[in-house]
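work.csv (CSV, C-alpha atoms)
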chain,number,residue,atom,x,y,z
H,19,MET,CA,26.6,2.9,-19.9
H,20,SER,CA,25.0,4.0,-16.7
H,21,ASN,CA,25.5,3.9,-12.9
H,22,ILE,CA,22.3,3.0,-11.1
H,23,GLY,CA,22.2,2.8,-7.3
H,24,LYS,CA,25.2,0.7,-6.3
H,25,SER,CA,25.6,-0.8,-9.7
H,26,THR,CA,28.1,0.6,-12.2
H,27,ASN,CA,28.8,0.2,-15.9
H,28,ILE,CA,25.4,-1.3,-16.7
H,29,LEU,CA,23.4,-1.1,-20.0
H,30,TRP,CA,19.7,-1.4,-20.7
H,31,HIS,CA,19.0,-4.1,-23.3
H,32,ASN,CA,15.9,-3.8,-25.4
H,33,CYS,CA,14.0,-6.9,-26.7
H,34,PRO,CA,12.1,-6.8,-30.0
H,35,ILE,CA,9.1,-8.4,-28.3
H,36,GLY,CA,7.4,-5.7,-26.2
H,37,GLN,CA,4.5,-5.3,-23.9
H,38,SER,CA,2.0,-4.6,-26.6
H,39,ASP,CA,3.0,-7.9,-28.3
H,40,ARG,CA,2.6,-9.9,-25.1
H,41,GLN,CA,-0.8,-8.2,-24.4
H,42,LYS,CA,-2.1,-9.1,-27.8
H,43,LEU,CA,-1.1,-12.7,-27.2
H,44,LEU,CA,-2.8,-12.8,-23.8
H,45,GLY,CA,-5.9,-10.8,-24.8
H,46,GLN,CA,-5.6,-8.4,-21.9
H,47,LYS,CA,-3.6,-5.3,-20.7
H,48,GLY,CA,-1.0,-5.7,-18.0
H,49,CYS,CA,-1.6,-3.6,-14.9
H,50,VAL,CA,-1.1,-3.5,-11.2
H,51,VAL,CA,-4.1,-3.7,-8.9
H,52,TRP,CA,-2.6,-2.4,-5.6
H,53,ILE,CA,-4.8,-3.3,-2.6
H,54,THR,CA,-4.0,-1.2,0.5
H,55,GLY,CA,-5.5,-1.0,4.0
H,56,LEU,CA,-5.2,-1.9,7.6
H,57,SER,CA,-4.4,-5.4,8.8
H,58,GLY,CA,-7.7,-7.3,8.9
H,59,SER,CA,-9.4,-5.1,6.3
H,60,GLY,CA,-9.7,-7.9,3.8
H,61,LYS,CA,-6.9,-7.2,1.4
H,62,SER,CA,-5.8,-10.9,0.9
H,63,THR,CA,-9.4,-12.0,0.7
H,64,LEU,CA,-10.1,-9.5,-2.1
H,65,ALA,CA,-6.9,-10.4,-3.9
H,66,CYS,CA,-7.8,-14.1,-3.9
H,67,ALA,CA,-11.4,-13.5,-4.9
H,68,LEU,CA,-10.4,-11.1,-7.7
H,69,SER,CA,-7.8,-13.6,-9.0
H,70,HIS,CA,-10.4,-16.4,-8.9
H,71,GLU,CA,-13.0,-14.3,-10.9
H,72,LEU,CA,-10.5,-13.2,-13.5
H,73,HIS,CA,-9.1,-16.7,-13.9
H,74,TYR,CA,-12.7,-18.0,-14.4
H,75,ARG,CA,-13.1,-15.5,-17.2
H,76,GLY,CA,-9.9,-16.6,-18.9
H,77,HIS,CA,-7.5,-13.9,-17.7
H,78,ILE,CA,-3.9,-14.3,-16.4
H,79,THR,CA,-3.2,-12.9,-13.0
H,80,TYR,CA,-0.6,-13.2,-10.2
H,81,VAL,CA,-1.0,-12.2,-6.6
H,82,LEU,CA,1.8,-10.6,-4.7
H,83,ASP,CA,0.8,-11.0,-1.0
H,84,GLY,CA,2.8,-9.0,1.6
H,85,ASP,CA,3.1,-11.9,4.1
H,86,ASN,CA,3.9,-14.4,1.4
H,87,LEU,CA,6.7,-12.2,0.0
H,88,ARG,CA,8.3,-12.0,3.4
H,89,HIS,CA,8.9,-15.7,3.2
H,90,GLY,CA,11.3,-15.3,0.3
H,91,LEU,CA,12.0,-12.0,-1.6
H,92,ASN,CA,11.7,-9.8,1.5
H,93,ARG,CA,12.7,-12.3,4.2
H,94,ASP,CA,15.7,-10.1,5.1
H,95,LEU,CA,13.5,-7.1,6.0
H,96,SER,CA,12.1,-6.1,9.3
H,97,PHE,CA,9.1,-3.8,10.1
H,98,LYS,CA,11.2,-0.8,10.8
H,99,ALA,CA,10.2,2.3,8.8
H,100,GLU,CA,13.2,2.1,6.4
H,101,ASP,CA,12.7,-1.7,5.8
H,102,ARG,CA,8.9,-1.2,5.2
H,103,ALA,CA,9.8,1.4,2.6
H,104,GLU,CA,12.3,-1.1,0.9
H,105,ASN,CA,9.6,-3.8,1.2
H,106,ILE,CA,7.2,-1.7,-0.8
H,107,ARG,CA,9.9,-0.6,-3.3
H,108,ARG,CA,10.8,-4.2,-4.1
H,109,VAL,CA,7.2,-5.3,-4.5
H,110,GLY,CA,6.5,-2.3,-6.8
H,111,GLU,CA,9.4,-3.2,-9.0
H,112,VAL,CA,8.3,-6.9,-9.2
H,113,ALA,CA,4.7,-5.8,-9.9
H,114,LYS,CA,6.0,-3.5,-12.7
H,115,LEU,CA,7.7,-6.6,-14.4
H,116,PHE,CA,4.5,-8.6,-14.2
H,117,ALA,CA,2.5,-5.7,-15.8
H,118,ASP,CA,5.1,-5.4,-18.5
H,119,ALA,CA,4.6,-9.1,-19.2
H,120,GLY,CA,1.0,-8.4,-19.8
H,121,ILE,CA,-0.2,-10.0,-16.6
H,122,ILE,CA,-2.8,-8.4,-14.2
H,123,CYS,CA,-0.7,-8.2,-11.1
H,124,ILE,CA,-2.7,-8.0,-7.8
H,125,ALA,CA,-0.5,-6.7,-5.0
H,126,SER,CA,-1.9,-7.0,-1.4
H,127,LEU,CA,0.0,-5.1,1.2
H,128,ILE,CA,-0.8,-2.8,4.1
H,129,SER,CA,1.6,-0.2,2.5
H,130,PRO,CA,0.7,2.5,5.0
H,131,TYR,CA,2.6,5.4,3.6
H,132,ARG,CA,1.4,7.5,0.6
H,133,ARG,CA,4.9,8.3,-0.5
H,134,ASP,CA,5.8,4.6,-0.9
H,135,ARG,CA,2.6,3.8,-2.8
H,136,ASP,CA,3.0,6.9,-5.0
H,137,ALA,CA,6.5,5.8,-5.8
H,138,CYS,CA,5.1,2.5,-7.0
H,139,ARG,CA,2.5,4.3,-9.1
H,140,ALA,CA,5.2,6.4,-10.7
H,141,LEU,CA,6.8,3.1,-12.0
H,142,LEU,CA,3.8,2.3,-14.1
H,143,PRO,CA,3.1,4.2,-17.4
H,144,ASP,CA,-0.3,5.1,-18.8
H,145,SER,CA,-2.3,5.0,-15.6
H,146,ASN,CA,-1.7,1.2,-15.2
H,147,PHE,CA,-1.6,1.4,-11.4
H,148,ILE,CA,-5.0,0.9,-9.9
H,149,GLU,CA,-5.1,1.7,-6.2
H,150,VAL,CA,-7.8,-0.1,-4.2
H,151,PHE,CA,-8.4,1.3,-0.7
H,152,MET,CA,-10.0,-1.1,1.9
H,153,ASP,CA,-11.8,1.7,3.8
H,154,LEU,CA,-13.0,-0.3,6.8
H,155,PRO,CA,-13.0,1.1,10.3
H,156,LEU,CA,-10.2,0.2,12.7
H,157,LYS,CA,-12.7,-1.3,15.1
H,158,ILE,CA,-13.9,-3.7,12.5
H,159,CYS,CA,-10.4,-4.7,11.5
H,160,GLU,CA,-9.4,-5.1,15.2
H,161,ALA,CA,-12.5,-7.2,15.9
H,162,ARG,CA,-11.5,-9.6,13.2
H,163,ASP,CA,-7.8,-9.7,14.2
H,164,PRO,CA,-7.2,-12.8,12.1
H,165,LYS,CA,-3.5,-13.1,13.2
H,166,GLY,CA,-3.9,-11.8,16.7
H,167,LEU,CA,-1.6,-8.9,16.0
H,168,TYR,CA,-3.9,-6.1,17.3
H,169,LYS,CA,-4.1,-7.8,20.7
H,170,LEU,CA,-0.3,-8.0,20.8
H,171,ALA,CA,0.0,-4.4,19.7
H,172,ARG,CA,-2.5,-3.2,22.4
H,173,THR,CA,-0.5,-5.0,25.1
H,174,GLY,CA,2.8,-3.4,23.8
H,175,LYS,CA,4.3,-6.7,22.6
H,176,ILE,CA,4.4,-5.4,19.1
H,177,LYS,CA,5.8,-1.9,18.5
H,178,GLY,CA,5.1,0.3,15.5
H,179,PHE,CA,1.9,-1.5,14.5
H,180,THR,CA,-0.1,0.2,11.8
H,181,GLY,CA,-3.3,1.7,13.1
H,182,ILE,CA,-2.2,1.5,16.8
H,183,ASP,CA,1.1,3.3,17.3
H,184,ASP,CA,2.1,3.8,13.7
H,185,PRO,CA,0.0,5.8,11.2
H,186,TYR,CA,-1.9,4.6,8.2
H,187,GLU,CA,-2.2,7.3,5.4
H,188,PRO,CA,-5.3,6.6,3.3
H,189,PRO,CA,-5.1,7.3,-0.5
H,190,VAL,CA,-6.2,10.7,-1.5
H,191,ASN,CA,-7.1,10.0,-5.1
H,192,GLY,CA,-7.3,6.2,-5.3
H,193,GLU,CA,-9.2,4.6,-8.2
H,194,ILE,CA,-11.4,2.3,-6.1
H,195,VAL,CA,-12.7,2.4,-2.5
H,196,ILE,CA,-14.2,-0.6,-0.8
H,197,THR,CA,-16.5,0.5,2.0
H,198,MET,CA,-19.2,-0.9,4.3
H,199,LYS,CA,-22.8,-0.6,3.1
H,200,ASP,CA,-25.7,-0.3,5.4
H,201,GLY,CA,-23.4,-1.3,8.3
H,202,GLU,CA,-22.3,-4.5,6.6
H,203,CYS,CA,-18.9,-5.4,5.1
H,204,PRO,CA,-19.2,-6.4,1.4
H,205,SER,CA,-18.7,-10.1,0.5
H,206,PRO,CA,-15.5,-11.2,-1.2
H,207,LYS,CA,-17.5,-11.7,-4.4
H,208,ALA,CA,-19.1,-8.2,-4.2
H,209,MET,CA,-15.7,-6.7,-3.7
H,210,ALA,CA,-14.2,-8.6,-6.6
H,211,LYS,CA,-17.0,-7.5,-8.8
H,212,GLN,CA,-16.4,-3.9,-7.9
H,213,VAL,CA,-12.8,-4.1,-9.1
H,214,LEU,CA,-13.8,-6.2,-12.1
H,215,SER,CA,-16.2,-3.5,-13.2
H,216,TYR,CA,-13.5,-1.0,-13.1
H,217,LEU,CA,-11.1,-3.2,-15.2
H,218,GLU,CA,-13.8,-3.8,-17.7
H,219,GLU,CA,-14.9,-0.2,-18.1
H,220,ASN,CA,-11.3,0.9,-18.5
H,221,GLY,CA,-10.3,-1.7,-21.1
H,222,TYR,CA,-7.9,-3.8,-19.2
H,223,LEU,CA,-9.7,-7.1,-20.0
H,224,GLN,CA,-9.0,-6.8,-23.7
H,225,ALA,CA,-5.8,-6.3,-25.7

Kindly present the structure from the file in structure tokens form.
Amino acid sequence: MSNIGKSTNILWHNCPIGQSDRQKLLGQKGCVVWITGLSGSGKSTLACALSHELHYRGHITYVLDGDNLRHGLNRDLSFKAEDRAENIRRVGEVAKLFADAGIICIASLISPYRRDRDACRALLPDSNFIEVFMDLPLKICEARDPKGLYKLARTGKIKGFTGIDDPYEPPVNGEIVITMKDGECPSPKAMAKQVLSYLEENGYLQA
């Protein structure tokens, strides 16, 4: 019996069917592809393109999108520092469950702080956390401004906005970096193929 957080007298129950059994059934290895970067850097675009390519190849995926999760699981959280940390913690725990189920979980969140991303990485055994950094300049992301948030942040109507008056801490040793080439942003398909190549080369697309 254990006490965990605010829960007392709880016991971990093991099931005879484990991750390796589920992975053999699905013909793939469960993992978390964690896409991080500034607002407007293309995180959701990459997540959807990658999910589409993997689905086309017969692989099971699930996308955890930061905005979508705030409609349900994280609807009680604000954008204050402590709530942002809790937002990432919850997504990390859910992503861990998907990976344990043998699914390729694609998490798409700004997740600006290294300590929070590193905590999610620590949840996954055997290097099954693949950090993808959308390394696009702020001026490009702000020019896109798909939700009009940069404009609001610049006029002071939004406080604590990542990249404007709140920091973004880029990964130090992330597995994949998406960058501009010859002054052009890569297409969704090109970005997806870059991640797919990593998954193939590291054996995630087979049991």

| task | Quick one: pull the distance between atom CA of Gly36 of chain H and atom CA of Ser215 of chain H, Å, one decimal. | result | 27.0 Å

| Any idea what the distance is between atom CA of Tyr216 of chain H and atom CA of Tyr186 of chain H? | 24.9 Å

| Using all atoms listed in the file, which of H:Gly23, H:Gly48, H:Gly58, H:Gly181 sits nearest Lys114 of chain H? | H:Gly48

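Interatomic distance, atom CA of Gly45 of chain H to atom CA of Phe151 of chain H: 27.1 Å.
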
| Top pick for closest residue to Leu72 of chain H, considering H:Phe116, H:Tyr131, H:Ile124, H:Cys33 and counting all atoms listed in the file | H:Ile124

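Compared by their closest atoms to Glu149 of chain H, and using only C-alpha atoms, the residues H:Ala208, H:Ile121, H:Cys203, H:Ile53 rank with H:Ile53 nearest.
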
| said: Could you list, as a ChimeraX atom specification, every residue within 9 Å of Val109 of chain H, counting only C-alpha atoms and ignoring same-chain residues fewer than 4 positions away? | reply: /H:82,84,87,91-92,104-105,113-114,125,138

Would you kindly return, as a tab-separated table (two decimals) with C-alpha atoms, keeping the file's coordinate frame, each protein, DNA or RNA residue with an atom no farther than 8 Å from any atom of His77 of chain H, considering only C-alpha atoms and excluding same-chain residues fewer than 3 positions away?
chain	number	residue	atom	x	y	z
H	44	LEU	CA	-2.80	-12.80	-23.80
H	45	GLY	CA	-5.90	-10.80	-24.80
H	46	GLN	CA	-5.60	-8.40	-21.90
H	72	LEU	CA	-10.50	-13.20	-13.50
H	73	HIS	CA	-9.10	-16.70	-13.90
H	74	TYR	CA	-12.70	-18.00	-14.40
H	223	LEU	CA	-9.70	-7.10	-20.00

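Using all atoms listed in the file, the residues found no farther than 10 Å from Ser38 of chain H, other than those of its own chain fewer than 3 positions away, are Ile35, Gln41, Lys42, Leu43, Leu44, Gln46, Lys47, Gly48, Asp118, Ala119, Gly120 and Ala225 of chain H.
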
| request: Identify the residues within 8 Å of coordinate (-4.1, 3.2, -10.4) (same frame as the file), considering all atoms listed in the file, and give the answer as an MDAnalysis selection string. | output: chainID H and resid 50:52 139 145:150 192:193

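Counting all atoms listed in the file, the residue from H:Gln212, H:Ser205, H:Ala103, H:Ala117 that sits nearest to Pro143 of chain H is H:Ala117.
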
| query | Leaving out segment 60-67 of chain H and any residue of its chain fewer than 5 positions from it, which residues lie within 6 Å of it when counting all atoms listed in the file, given as JSON, numbers by chain? | reply | {"H": [53, 126, 206, 210]}

| query | Near Lys169 of chain H, within 12 Å and counting all atoms listed in the file, which residues show up once chain neighbours fewer than 6 positions away are dropped, as an MDAnalysis selection string? | reply | chainID H and resid 159:163 175:177 179 182
